[in-house]
>>> print(open('start.tsv').read())   # TSV, C-alpha atoms and all ligand atoms
chain	number	residue	atom	x	y	z
P	183	MET	CA	129.31	109.24	91.34
P	184	ARG	CA	126.30	106.97	91.38
P	185	ALA	CA	123.94	107.30	94.31
P	186	GLU	CA	124.59	103.69	95.30
P	187	ASP	CA	128.32	104.25	95.48
P	188	MET	CA	127.84	107.38	97.54
P	189	ARG	CA	125.69	105.36	99.91
P	190	ARG	CA	128.35	102.71	100.29
P	191	ASP	CA	131.04	105.32	100.91
P	192	GLY	CA	129.86	107.40	103.73
P	193	GLY	CA	129.57	106.76	107.43
P	194	ALA	CA	126.35	108.17	108.83
P	195	VAL	CA	127.87	110.76	111.11
P	196	ALA	CA	130.07	112.20	108.37
P	197	ASN	CA	126.90	112.54	106.30
P	198	ILE	CA	125.23	115.04	108.63
P	199	VAL	CA	125.51	118.54	107.23
P	200	PRO	CA	123.96	121.73	108.60
P	201	ALA	CA	121.18	122.90	106.28
P	202	GLY	CA	122.33	125.90	104.27
P	203	GLU	CA	122.36	127.08	100.69
P	204	ALA	CA	125.31	124.92	99.60
P	205	SER	CA	124.25	121.76	101.44
P	206	ILE	CA	120.68	122.06	100.14
P	207	ALA	CA	122.02	122.39	96.59
P	208	ARG	CA	124.12	119.28	97.15
P	209	ALA	CA	121.13	117.45	98.61
P	210	ALA	CA	119.01	118.40	95.58
P	211	GLU	CA	121.70	117.07	93.26
P	212	THR	CA	121.86	113.81	95.23
P	213	LEU	CA	118.07	113.44	94.99
P	214	ARG	CA	118.03	114.14	91.27
P	215	ALA	CA	120.68	111.44	90.84
P	216	GLY	CA	118.41	108.92	92.56
P	217	GLY	CA	119.94	109.15	96.04
P	218	LEU	CA	118.38	109.29	99.50
P	219	VAL	CA	118.42	112.46	101.62
P	220	ALA	CA	117.07	112.79	105.15
P	221	PHE	CA	115.62	116.25	105.75
P	222	PRO	CA	113.76	118.06	108.50
P	223	THR	CA	110.04	118.80	108.33
P	224	GLU	CA	108.01	120.50	111.05
P	225	THR	CA	106.76	117.06	112.20
P	226	VAL	CA	109.65	114.57	112.04
P	227	TYR	CA	112.66	114.00	109.77
P	228	GLY	CA	111.77	112.43	106.43
P	229	LEU	CA	113.80	109.96	104.35
P	230	GLY	CA	113.41	111.57	100.96
P	231	ALA	CA	113.70	110.31	97.40
P	232	ASP	CA	112.57	111.60	94.01
P	233	ALA	CA	108.96	110.38	93.92
P	234	THR	CA	109.08	110.04	90.13
P	235	ASP	CA	112.05	107.62	90.23
P	236	ASP	CA	110.88	104.03	90.83
P	237	ARG	CA	114.34	102.88	91.78
P	238	ALA	CA	114.95	105.70	94.24
P	239	VAL	CA	111.58	105.01	95.90
P	240	ALA	CA	112.46	101.30	96.13
P	241	ALA	CA	115.71	102.31	97.82
P	242	ILE	CA	113.66	103.96	100.60
P	243	PHE	CA	112.09	100.61	101.45
P	244	GLU	CA	115.48	98.95	101.35
P	245	ALA	CA	117.04	101.55	103.65
P	246	LYS	CA	114.20	101.32	106.17
P	247	GLY	CA	114.15	97.53	106.06
P	248	ARG	CA	110.38	97.56	105.79
P	249	PRO	CA	108.91	94.06	105.54
P	250	ARG	CA	106.00	95.41	103.50
P	251	PHE	CA	105.38	98.09	100.93
P	252	ASN	CA	103.45	100.67	102.95
P	253	PRO	CA	102.30	103.57	100.82
P	254	LEU	CA	104.43	106.70	101.17
P	255	ILE	CA	103.61	110.37	101.57
P	256	VAL	CA	104.57	112.55	98.61
P	257	HIS	CA	105.78	116.01	99.63
P	258	LEU	CA	105.09	118.95	97.34
P	259	PRO	CA	105.99	122.65	97.50
P	260	ASN	CA	102.45	123.97	97.13
P	261	PHE	CA	98.78	123.21	96.59
P	262	GLN	CA	98.99	123.63	92.83
P	263	GLN	CA	101.59	120.91	92.43
P	264	ALA	CA	99.64	118.62	94.76
P	265	ALA	CA	96.59	119.16	92.54
P	266	ASP	CA	98.64	117.89	89.59
P	267	CYS	CA	99.05	114.51	91.34
P	268	VAL	CA	95.64	113.91	92.94
P	269	GLU	CA	92.00	114.78	92.37
P	270	ILE	CA	90.96	117.68	94.56
P	271	ASP	CA	87.32	117.96	95.58
P	272	GLU	CA	85.61	120.67	97.63
P	273	LEU	CA	86.58	119.18	101.00
P	274	ALA	CA	90.19	118.62	99.97
P	275	ARG	CA	90.42	122.22	98.81
P	276	THR	CA	89.07	123.48	102.13
P	277	ALA	CA	91.49	121.27	104.07
P	278	ALA	CA	94.44	122.40	101.97
P	279	GLU	CA	93.55	126.09	102.25
P	280	ARG	CA	93.17	125.84	105.98
P	281	PHE	CA	96.11	123.59	106.94
P	282	TRP	CA	98.80	123.77	104.23
P	283	PRO	CA	101.62	124.26	104.52
P	284	GLY	CA	101.55	122.19	107.69
P	285	PRO	CA	101.30	118.81	109.41
P	286	LEU	CA	98.34	117.44	107.46
P	287	THR	CA	98.51	114.63	104.91
P	288	LEU	CA	95.59	114.11	102.54
P	289	VAL	CA	94.86	110.74	100.93
P	290	LEU	CA	93.12	111.37	97.61
P	291	PRO	CA	92.49	109.54	94.31
P	292	ARG	CA	95.67	109.62	92.26
P	293	ARG	CA	95.56	111.11	88.80
P	294	ALA	CA	96.36	108.86	85.87
P	295	GLU	CA	99.37	110.57	84.29
P	296	THR	CA	101.35	112.03	87.16
P	297	GLY	CA	104.81	110.56	86.73
P	298	ILE	CA	104.67	109.60	90.42
P	299	SER	CA	106.01	106.09	91.02
P	300	TYR	CA	103.32	103.47	91.57
P	301	LEU	CA	105.45	102.29	94.48
P	302	CYS	CA	104.44	105.45	96.42
P	303	SER	CA	100.86	104.18	96.32
P	304	ALA	CA	101.95	100.59	97.09
P	305	GLY	CA	99.38	99.36	94.62
P	306	LEU	CA	96.48	101.52	95.86
P	307	ASP	CA	94.77	103.92	93.49
P	308	SER	CA	95.11	106.69	96.05
P	309	LEU	CA	98.07	108.88	96.91
P	310	ALA	CA	98.99	110.64	100.15
P	311	VAL	CA	100.14	114.24	99.62
P	312	ARG	CA	101.45	116.89	101.96
P	313	VAL	CA	102.84	120.42	101.69
P	314	PRO	CA	105.31	120.76	104.55
P	315	GLY	CA	105.85	124.09	106.27
P	316	HIS	CA	109.47	123.69	107.37
P	317	PRO	CA	111.73	126.18	105.56
P	318	VAL	CA	114.42	123.56	104.90
P	319	ALA	CA	111.87	121.14	103.44
P	320	GLN	CA	110.52	123.96	101.29
P	321	ALA	CA	114.00	125.01	100.14
P	322	LEU	CA	114.86	121.40	99.29
P	323	LEU	CA	111.66	120.92	97.27
P	324	ALA	CA	112.37	124.13	95.38
P	325	ALA	CA	116.01	123.22	94.68
P	326	THR	CA	115.19	119.66	93.62
P	327	GLY	CA	112.23	120.55	91.42
P	328	ARG	CA	110.74	117.10	91.99
P	329	PRO	CA	108.05	115.78	94.32
P	330	LEU	CA	109.70	113.97	97.23
P	331	ALA	CA	108.48	110.67	98.65
P	332	ALA	CA	109.40	110.58	102.32
P	333	PRO	CA	108.46	108.29	105.17
P	334	SER	CA	109.81	109.07	108.62
P	335	ALA	CA	113.59	108.64	108.53
P	336	ASN	CA	113.88	105.70	110.89
P	337	ALA	CA	114.46	102.00	110.42
P	338	SER	CA	111.27	99.96	110.39
P	339	GLY	CA	109.99	99.37	113.89
P	340	SER	CA	111.82	102.22	115.62
P	341	VAL	CA	110.44	105.60	116.62
P	342	SER	CA	110.28	108.59	114.31
P	343	PRO	CA	113.34	110.85	114.42
P	344	THR	CA	113.05	114.48	115.50
P	345	THR	CA	116.75	115.35	115.25
P	346	ALA	CA	119.48	114.68	112.68
P	347	ALA	CA	121.31	112.57	115.29
P	348	HIS	CA	118.25	110.30	115.65
P	349	VAL	CA	118.35	109.70	111.90
P	350	ALA	CA	122.04	108.83	112.00
P	351	ASP	CA	121.44	106.43	114.92
P	352	SER	CA	118.66	104.62	113.11
P	353	LEU	CA	119.79	104.62	109.48
P	354	ASP	CA	123.53	104.35	110.00
P	355	GLY	CA	125.22	104.46	106.60
P	356	ARG	CA	122.03	103.83	104.65
P	357	VAL	CA	121.34	107.41	103.64
P	358	ASP	CA	123.49	109.55	101.35
P	359	LEU	CA	123.07	112.82	103.21
P	360	ILE	CA	121.34	114.05	106.36
P	361	LEU	CA	120.37	117.73	106.33
P	362	ASP	CA	120.46	119.04	109.88
P	363	GLY	CA	117.80	121.68	110.44
P	364	GLY	CA	117.68	121.36	114.24
P	365	PRO	CA	114.95	119.67	116.27
P	366	CYS	CA	111.47	119.37	114.73
P	367	THR	CA	108.96	121.72	116.32
P	368	VAL	CA	105.83	119.57	116.06
P	369	GLY	CA	107.59	116.33	116.99
P	370	VAL	CA	104.80	113.93	115.99
P	371	GLU	CA	103.93	112.83	112.48
P	372	SER	CA	101.34	114.56	110.33
P	373	SER	CA	97.66	113.76	110.71
P	374	VAL	CA	96.65	111.47	107.84
P	375	LEU	CA	93.16	112.18	106.54
P	376	ASP	CA	91.57	109.89	103.96
P	377	LEU	CA	89.23	111.83	101.66
P	378	THR	CA	88.68	109.08	99.09
P	379	GLY	CA	85.42	107.79	100.56
P	380	ASP	CA	82.01	109.28	101.26
P	381	ARG	CA	83.18	110.67	104.58
P	382	PRO	CA	86.56	111.85	105.82
P	383	VAL	CA	88.42	109.26	107.89
P	384	LEU	CA	91.36	110.01	110.15
P	385	LEU	CA	93.80	107.20	109.39
P	386	ARG	CA	96.46	108.49	111.77
P	387	PRO	CA	96.13	111.12	114.48
P	388	GLY	CA	99.02	113.57	114.28
P	389	GLY	CA	100.19	117.15	114.31
P	390	ILE	CA	96.75	118.70	113.83
P	391	PRO	CA	94.20	117.89	116.54
P	392	LYS	CA	91.05	116.14	115.38
P	393	GLU	CA	89.00	118.97	116.91
P	394	ALA	CA	90.72	121.49	114.64
P	395	LEU	CA	90.13	119.28	111.60
P	396	GLU	CA	86.45	118.89	112.50
P	397	ALA	CA	86.01	122.62	113.08
P	398	ALA	CA	87.12	123.18	109.49
P	399	LEU	CA	85.73	120.08	107.77
P	400	GLY	CA	82.82	118.74	109.80
P	401	THR	CA	82.53	115.30	111.36
P	402	ILE	CA	85.47	112.99	110.85
P	403	GLU	CA	85.43	109.24	111.45
P	404	GLU	CA	88.31	107.55	113.16
P	405	ASP	CA	90.01	104.57	111.67
P	406	SER	CA	89.92	101.77	114.22
P	407	SER	CA	91.64	99.09	112.18
P	408	GLU	CA	95.32	98.38	112.77
P	409	ASP	CA	96.41	98.37	109.16
P	410	HIS	CA	93.92	100.87	107.69
P	411	ALA	CA	92.16	97.96	106.03
P	412	PRO	CA	89.17	99.09	104.02
P	413	ARG	CA	85.89	98.81	105.89
P	414	SER	CA	83.21	99.93	103.51
P	415	PRO	CA	82.71	98.73	99.94
P	416	GLY	CA	83.54	102.21	98.67
P	417	ARG	CA	86.99	102.01	100.14
P	418	LEU	CA	87.49	98.38	99.15
P	419	ALA	CA	87.73	99.49	95.54
P	420	ASN	CA	90.84	101.46	96.41
P	421	HIS	CA	92.83	98.34	97.14
P	422	TYR	CA	94.50	97.25	93.99
P	423	ALA	CA	94.60	93.60	93.13
P	424	PRO	CA	95.06	92.54	89.53
P	425	GLY	CA	91.86	91.53	87.76
P	426	ARG	CA	93.72	88.47	86.36
P	427	PRO	CA	94.50	85.51	88.59
P	428	LEU	CA	98.11	85.35	89.72
P	429	ARG	CA	100.00	82.06	89.49
P	430	LEU	CA	102.94	82.28	91.87
P	431	ALA	CA	106.29	80.46	91.82
P	432	ALA	CA	105.79	79.69	88.12
P	433	ARG	CA	108.70	77.89	86.42
P	434	ASP	CA	107.04	77.78	83.02
P	435	ALA	CA	104.49	79.86	81.17
P	436	ASN	CA	101.42	78.95	79.12
P	437	PRO	CA	100.69	80.59	75.77
P	438	ASP	CA	97.58	82.32	77.11
P	439	GLU	CA	99.41	83.76	80.13
P	440	ALA	CA	101.44	86.86	80.79
P	441	LEU	CA	104.74	86.20	82.53
P	442	LEU	CA	106.20	88.39	85.24
P	443	ALA	CA	109.78	87.19	85.10
P	444	PHE	CA	112.77	87.57	87.38
P	445	GLY	CA	116.39	86.88	86.51
P	446	PRO	CA	118.46	86.27	83.39
P	447	SER	CA	116.78	83.21	81.86
P	448	PRO	CA	113.00	83.26	82.09
P	449	PRO	CA	110.99	80.46	80.46
P	450	THR	CA	109.69	81.20	76.98
P	451	GLY	CA	106.19	80.67	75.66
P	452	ALA	CA	104.13	83.31	77.43
P	453	ARG	CA	102.00	85.67	75.37
P	454	THR	CA	103.73	88.66	76.94
P	455	THR	CA	106.73	88.79	79.25
P	456	LEU	CA	107.96	91.61	81.45
P	457	ASN	CA	111.09	91.08	83.53
P	458	LEU	CA	111.24	92.60	87.03
P	459	SER	CA	115.02	92.44	86.87
P	460	GLU	CA	117.07	90.55	84.32
P	461	ARG	CA	120.14	90.77	86.52
P	462	GLY	CA	118.24	89.46	89.53
P	463	ASP	CA	118.44	92.72	91.48
P	464	LEU	CA	115.70	92.94	94.13
P	465	VAL	CA	115.79	96.75	94.38
P	466	GLU	CA	115.21	96.98	90.63
P	467	ALA	CA	112.47	94.35	90.94
P	468	ALA	CA	110.70	96.31	93.68
P	469	ALA	CA	110.96	99.45	91.57
P	470	ASN	CA	109.21	97.69	88.68
P	471	LEU	CA	106.69	95.60	90.61
P	472	PHE	CA	103.53	97.72	90.64
P	473	ALA	CA	103.99	99.30	87.22
P	474	MET	CA	104.52	95.85	85.64
P	475	LEU	CA	101.56	94.29	87.44
P	476	HIS	CA	99.41	97.12	86.10
P	477	ALA	CA	100.81	96.66	82.60
P	478	LEU	CA	100.15	92.89	82.56
P	479	ASP	CA	96.68	93.18	84.05
P	480	ASP	CA	94.98	92.87	80.68
P	481	PRO	CA	91.83	90.84	79.93
P	482	HIS	CA	93.64	89.19	77.00
P	483	HIS	CA	95.69	87.19	79.49
P	484	ALA	CA	94.13	84.18	81.23
P	485	ALA	CA	96.48	84.67	84.16
P	486	ILE	CA	99.71	86.32	85.23
P	487	ALA	CA	102.39	83.75	85.95
P	488	VAL	CA	105.00	85.05	88.38
P	489	MET	CA	108.41	83.43	88.67
P	490	PRO	CA	109.78	82.66	92.14
P	491	ILE	CA	111.36	85.69	93.83
P	492	PRO	CA	114.08	85.17	96.45
P	493	ARG	CA	113.09	86.18	99.98
P	494	ARG	CA	116.22	88.07	100.97
P	495	GLY	CA	116.28	91.88	101.23
P	496	LEU	CA	113.38	93.55	99.45
P	497	GLY	CA	112.30	90.09	98.26
P	498	ALA	CA	110.33	89.69	101.51
P	499	ALA	CA	108.18	92.75	100.74
P	500	ILE	CA	107.80	91.72	97.09
P	501	ASN	CA	106.62	88.25	98.09
P	502	ASP	CA	104.27	89.71	100.69
P	503	ARG	CA	102.62	91.91	98.08
P	504	LEU	CA	102.40	89.15	95.49
P	505	ARG	CA	100.86	86.76	98.01
P	506	ARG	CA	98.16	89.27	98.84
P	507	ALA	CA	97.53	90.10	95.20
P	508	ALA	CA	97.14	86.36	94.48
P	509	ALA	CA	94.59	85.78	97.27
P	510	PRO	CA	91.10	85.12	95.89
P	511	HIS	CA	89.09	88.31	95.49
P	512	GLU	CA	86.46	88.83	98.14
T	1	LIG	O1	104.86	113.79	109.37
T	1	LIG	C1	104.88	112.91	108.52
T	1	LIG	O2	103.86	112.52	107.96
T	1	LIG	C2	106.24	112.32	108.13
T	1	LIG	C3	107.03	113.44	107.47
T	1	LIG	C4	108.37	112.97	106.95
T	1	LIG	O3	106.26	114.03	106.44
T	1	LIG	N1	106.10	111.19	107.29
T	1	LIG	C5	105.61	110.00	107.74
T	1	LIG	O4	105.57	109.01	106.79
T	1	LIG	O5	105.24	109.81	108.89
T	1	LIG	P1	105.34	107.47	107.11
T	1	LIG	O6	105.61	106.72	105.85
T	1	LIG	O7	106.18	107.07	108.28
T	1	LIG	O8	103.81	107.37	107.43
T	1	LIG	C6	102.87	107.56	106.39
T	1	LIG	C7	101.51	107.11	106.81
T	1	LIG	C8	101.45	105.61	107.00
T	1	LIG	O9	100.63	105.30	108.11
T	1	LIG	C9	100.81	105.16	105.69
T	1	LIG	O10	100.13	103.94	105.82
T	1	LIG	C10	99.86	106.32	105.39
T	1	LIG	O11	100.57	107.46	105.82
T	1	LIG	N2	99.59	106.42	103.96
T	1	LIG	C11	100.41	106.86	103.00
T	1	LIG	N3	99.83	106.77	101.78
T	1	LIG	C12	98.60	106.27	101.98
T	1	LIG	C13	97.52	105.92	101.12
T	1	LIG	N4	97.60	106.09	99.80
T	1	LIG	N5	96.41	105.41	101.68
T	1	LIG	C14	96.34	105.22	103.02
T	1	LIG	N6	97.33	105.52	103.89
T	1	LIG	C15	98.44	106.03	103.38
T	2	MG	MG	106.87	106.18	110.15
>>> encode(input="start.tsv", output="structure tokens")
Amino acid sequence: MRAEDMRRDGGAVANIVPAGEASIARAAETLRAGGLVAFPTETVYGLGADATDDRAVAAIFEAKGRPRFNPLIVHLPNFQQAADCVEIDELARTAAERFWPGPLTLVLPRRAETGISYLCSAGLDSLAVRVPGHPVAQALLAATGRPLAAPSANASGSVSPTTAAHVADSLDGRVDLILDGGPCTVGVESSVLDLTGDRPVLLRPGGIPKEALEAALGTIEEDSSEDHAPRSPGRLANHYAPGRPLRLAARDANPDEALLAFGPSPPTGARTTLNLSERGDLVEAAANLFAMLHALDDPHHAAIAVMPIPRRGLGAAINDRLRRAAAPHE
């Protein structure tokens, strides 16, 4: 059965299963098929998907109803596998040795060839990684054999869930399976520490007190901005915007342009065309968005023309991201 069909089938309550060997094996199979599984971590329940599957990661945003593509935390079974996805410097190694597995998320430069969906980075060139300590999360990572992208398993705008019942309340019918591992012990989200700049910055206070982080890592700045907007030039570089100008709502294409198309009958004439979704599917379009923008961002193109994208469903987040990518560079 396809993951989508499974999602349509089940009522949320029927989808709660106690975490055990058989249910974890079933959850792993669901994840490998591109489905969504809510699972306990020591902090809060996560809404997990295979982080290497663009479409599955896009389905997370759809299920949460997020109006924007926030970057997602990628969960890994151990330090070694995290080091395959991001660049580890001295400070990152110290942090990982001291606090993993546990409620600490590290934002680090992403490696080039990781297989991790660009959607997890939401267009940034960093990636947030975490090794969770919860035995069910660990068992699920081992059984799945894939890195798992997982935001908190709640609909956008509601509080993070610390029981399986909270997940069911918030994501009614929008998740294939909810693994019940009892209440989360930490109960607040992980601390998010950005190590991409000159100095460590705490983007989100969480399960590990700042004092404990500073005792291990030295002075840590706090992020005062609402949306973690970059403040210093060093961090500005992390925010991906295509080097080519973007021409939005394009209904035709010039011969010196690349075309980012949507739907079954794109205009002809562009030098290169990539189609976000020929069948006009917004989940597929979201899954392709960042990888295709990267691919078309080539100095041979005078501009990237982008066809109009409907605003329903994930279209809102796609349009939000395109609008910001099209804004003049500062
Ligand atoms: O405890 C937790 O962290 C839970 C469990 C499931 O692991 N997850 C969680 O994920 O709280 P989420 O998506 O609700 O929050 C992730 C936070 C957001 O504030 C996001 O902006 C930040 O981490 N984040 C993720 N990737 C980032 C990146 N590359 N750069 C900056 N911030 C990032
Ligand atoms: Mg959250």
>>> closest_residue(input="start.tsv", among="P:Asp351, P:Asp266, P:Asp362, P:Glu371", to="ligand MG 2 (chain T)", atoms="all atoms listed in the file")
P:Glu371
>>> closest_atom_pairs(input="start.tsv", of="chain P", to="ligand MG 2 (chain T)", cutoff="12 Å", atoms="all atoms listed in the file", output="JSON lines")
{"residue": "P:Thr225", "atom": "CA", "partner": "T:MG2", "partner_atom": "MG", "distance": 11.1}
{"residue": "P:Val226", "atom": "CA", "partner": "T:MG2", "partner_atom": "MG", "distance": 9.0}
{"residue": "P:Tyr227", "atom": "CA", "partner": "T:MG2", "partner_atom": "MG", "distance": 9.7}
{"residue": "P:Gly228", "atom": "CA", "partner": "T:MG2", "partner_atom": "MG", "distance": 8.8}
{"residue": "P:Leu229", "atom": "CA", "partner": "T:MG2", "partner_atom": "MG", "distance": 9.8}
{"residue": "P:Ile242", "atom": "CA", "partner": "T:MG2", "partner_atom": "MG", "distance": 11.9}
{"residue": "P:Phe243", "atom": "CA", "partner": "T:MG2", "partner_atom": "MG", "distance": 11.6}
{"residue": "P:Lys246", "atom": "CA", "partner": "T:MG2", "partner_atom": "MG", "distance": 9.7}
{"residue": "P:Arg248", "atom": "CA", "partner": "T:MG2", "partner_atom": "MG", "distance": 10.3}
{"residue": "P:Asn252", "atom": "CA", "partner": "T:MG2", "partner_atom": "MG", "distance": 9.7}
{"residue": "P:Pro253", "atom": "CA", "partner": "T:MG2", "partner_atom": "MG", "distance": 10.7}
{"residue": "P:Leu254", "atom": "CA", "partner": "T:MG2", "partner_atom": "MG", "distance": 9.3}
{"residue": "P:Ile255", "atom": "CA", "partner": "T:MG2", "partner_atom": "MG", "distance": 10.1}
{"residue": "P:Ala332", "atom": "CA", "partner": "T:MG2", "partner_atom": "MG", "distance": 9.3}
{"residue": "P:Pro333", "atom": "CA", "partner": "T:MG2", "partner_atom": "MG", "distance": 5.6}
{"residue": "P:Ser334", "atom": "CA", "partner": "T:MG2", "partner_atom": "MG", "distance": 4.4}
{"residue": "P:Ala335", "atom": "CA", "partner": "T:MG2", "partner_atom": "MG", "distance": 7.3}
{"residue": "P:Asn336", "atom": "CA", "partner": "T:MG2", "partner_atom": "MG", "distance": 7.1}
{"residue": "P:Ala337", "atom": "CA", "partner": "T:MG2", "partner_atom": "MG", "distance": 8.7}
{"residue": "P:Ser338", "atom": "CA", "partner": "T:MG2", "partner_atom": "MG", "distance": 7.6}
{"residue": "P:Gly339", "atom": "CA", "partner": "T:MG2", "partner_atom": "MG", "distance": 8.4}
{"residue": "P:Ser340", "atom": "CA", "partner": "T:MG2", "partner_atom": "MG", "distance": 8.4}
{"residue": "P:Val341", "atom": "CA", "partner": "T:MG2", "partner_atom": "MG", "distance": 7.4}
{"residue": "P:Ser342", "atom": "CA", "partner": "T:MG2", "partner_atom": "MG", "distance": 5.9}
{"residue": "P:Pro343", "atom": "CA", "partner": "T:MG2", "partner_atom": "MG", "distance": 9.1}
{"residue": "P:Thr344", "atom": "CA", "partner": "T:MG2", "partner_atom": "MG", "distance": 11.6}
{"residue": "P:Val370", "atom": "CA", "partner": "T:MG2", "partner_atom": "MG", "distance": 9.9}
{"residue": "P:Glu371", "atom": "CA", "partner": "T:MG2", "partner_atom": "MG", "distance": 7.6}
{"residue": "P:Ser372", "atom": "CA", "partner": "T:MG2", "partner_atom": "MG", "distance": 10.0}
{"residue": "P:Ser373", "atom": "CA", "partner": "T:MG2", "partner_atom": "MG", "distance": 11.9}
{"residue": "P:Val374", "atom": "CA", "partner": "T:MG2", "partner_atom": "MG", "distance": 11.7}
{"residue": "P:Arg386", "atom": "CA", "partner": "T:MG2", "partner_atom": "MG", "distance": 10.8}
{"residue": "P:Gly388", "atom": "CA", "partner": "T:MG2", "partner_atom": "MG", "distance": 11.5}
>>> residues_around(input="start.tsv", residues="Ala467 of chain P", least_positions_apart="3", cutoff="10 Å", atoms="all atoms listed in the file", output="list of chain:residue names")
P:Asp236, P:Arg237, P:Ala240, P:Ala443, P:Phe444, P:Gly445, P:Asn457, P:Leu458, P:Ser459, P:Glu460, P:Arg461, P:Gly462, P:Asp463, P:Leu464, P:Asn470, P:Leu471, P:Phe472, P:Met474, P:Ile491, P:Leu496, P:Gly497, P:Ile500
>>> write_last_selection(input="start.tsv", atoms="C-alpha atoms", output="PDB file, keeping the file's coordinate frame")
ATOM      1  CA  ASP P 236     110.880 104.030  90.830  1.00  0.00           C
ATOM      2  CA  ARG P 237     114.340 102.880  91.780  1.00  0.00           C
ATOM      3  CA  ALA P 240     112.460 101.300  96.130  1.00  0.00           C
ATOM      4  CA  ALA P 443     109.780  87.190  85.100  1.00  0.00           C
ATOM      5  CA  PHE P 444     112.770  87.570  87.380  1.00  0.00           C
ATOM      6  CA  GLY P 445     116.390  86.880  86.510  1.00  0.00           C
ATOM      7  CA  ASN P 457     111.090  91.080  83.530  1.00  0.00           C
ATOM      8  CA  LEU P 458     111.240  92.600  87.030  1.00  0.00           C
ATOM      9  CA  SER P 459     115.020  92.440  86.870  1.00  0.00           C
ATOM     10  CA  GLU P 460     117.070  90.550  84.320  1.00  0.00           C
ATOM     11  CA  ARG P 461     120.140  90.770  86.520  1.00  0.00           C
ATOM     12  CA  GLY P 462     118.240  89.460  89.530  1.00  0.00           C
ATOM     13  CA  ASP P 463     118.440  92.720  91.480  1.00  0.00           C
ATOM     14  CA  LEU P 464     115.700  92.940  94.130  1.00  0.00           C
ATOM     15  CA  ASN P 470     109.210  97.690  88.680  1.00  0.00           C
ATOM     16  CA  LEU P 471     106.690  95.600  90.610  1.00  0.00           C
ATOM     17  CA  PHE P 472     103.530  97.720  90.640  1.00  0.00           C
ATOM     18  CA  MET P 474     104.520  95.850  85.640  1.00  0.00           C
ATOM     19  CA  ILE P 491     111.360  85.690  93.830  1.00  0.00           C
ATOM     20  CA  LEU P 496     113.380  93.550  99.450  1.00  0.00           C
ATOM     21  CA  GLY P 497     112.300  90.090  98.260  1.00  0.00           C
ATOM     22  CA  ILE P 500     107.800  91.720  97.090  1.00  0.00           C
TER      23      ILE P 500
END
>>> closest_residue(input="start.tsv", among="P:Ala452, P:Ala220, P:Ala346, P:Ala278", to="ligand LIG 1 (chain T)", atoms="all atoms listed in the file")
P:Ala220
>>> atom_distance(input="start.tsv", atom1="atom CA of Pro382 of chain P", atom2="atom CA of Cys302 of chain P")
21.2 Å
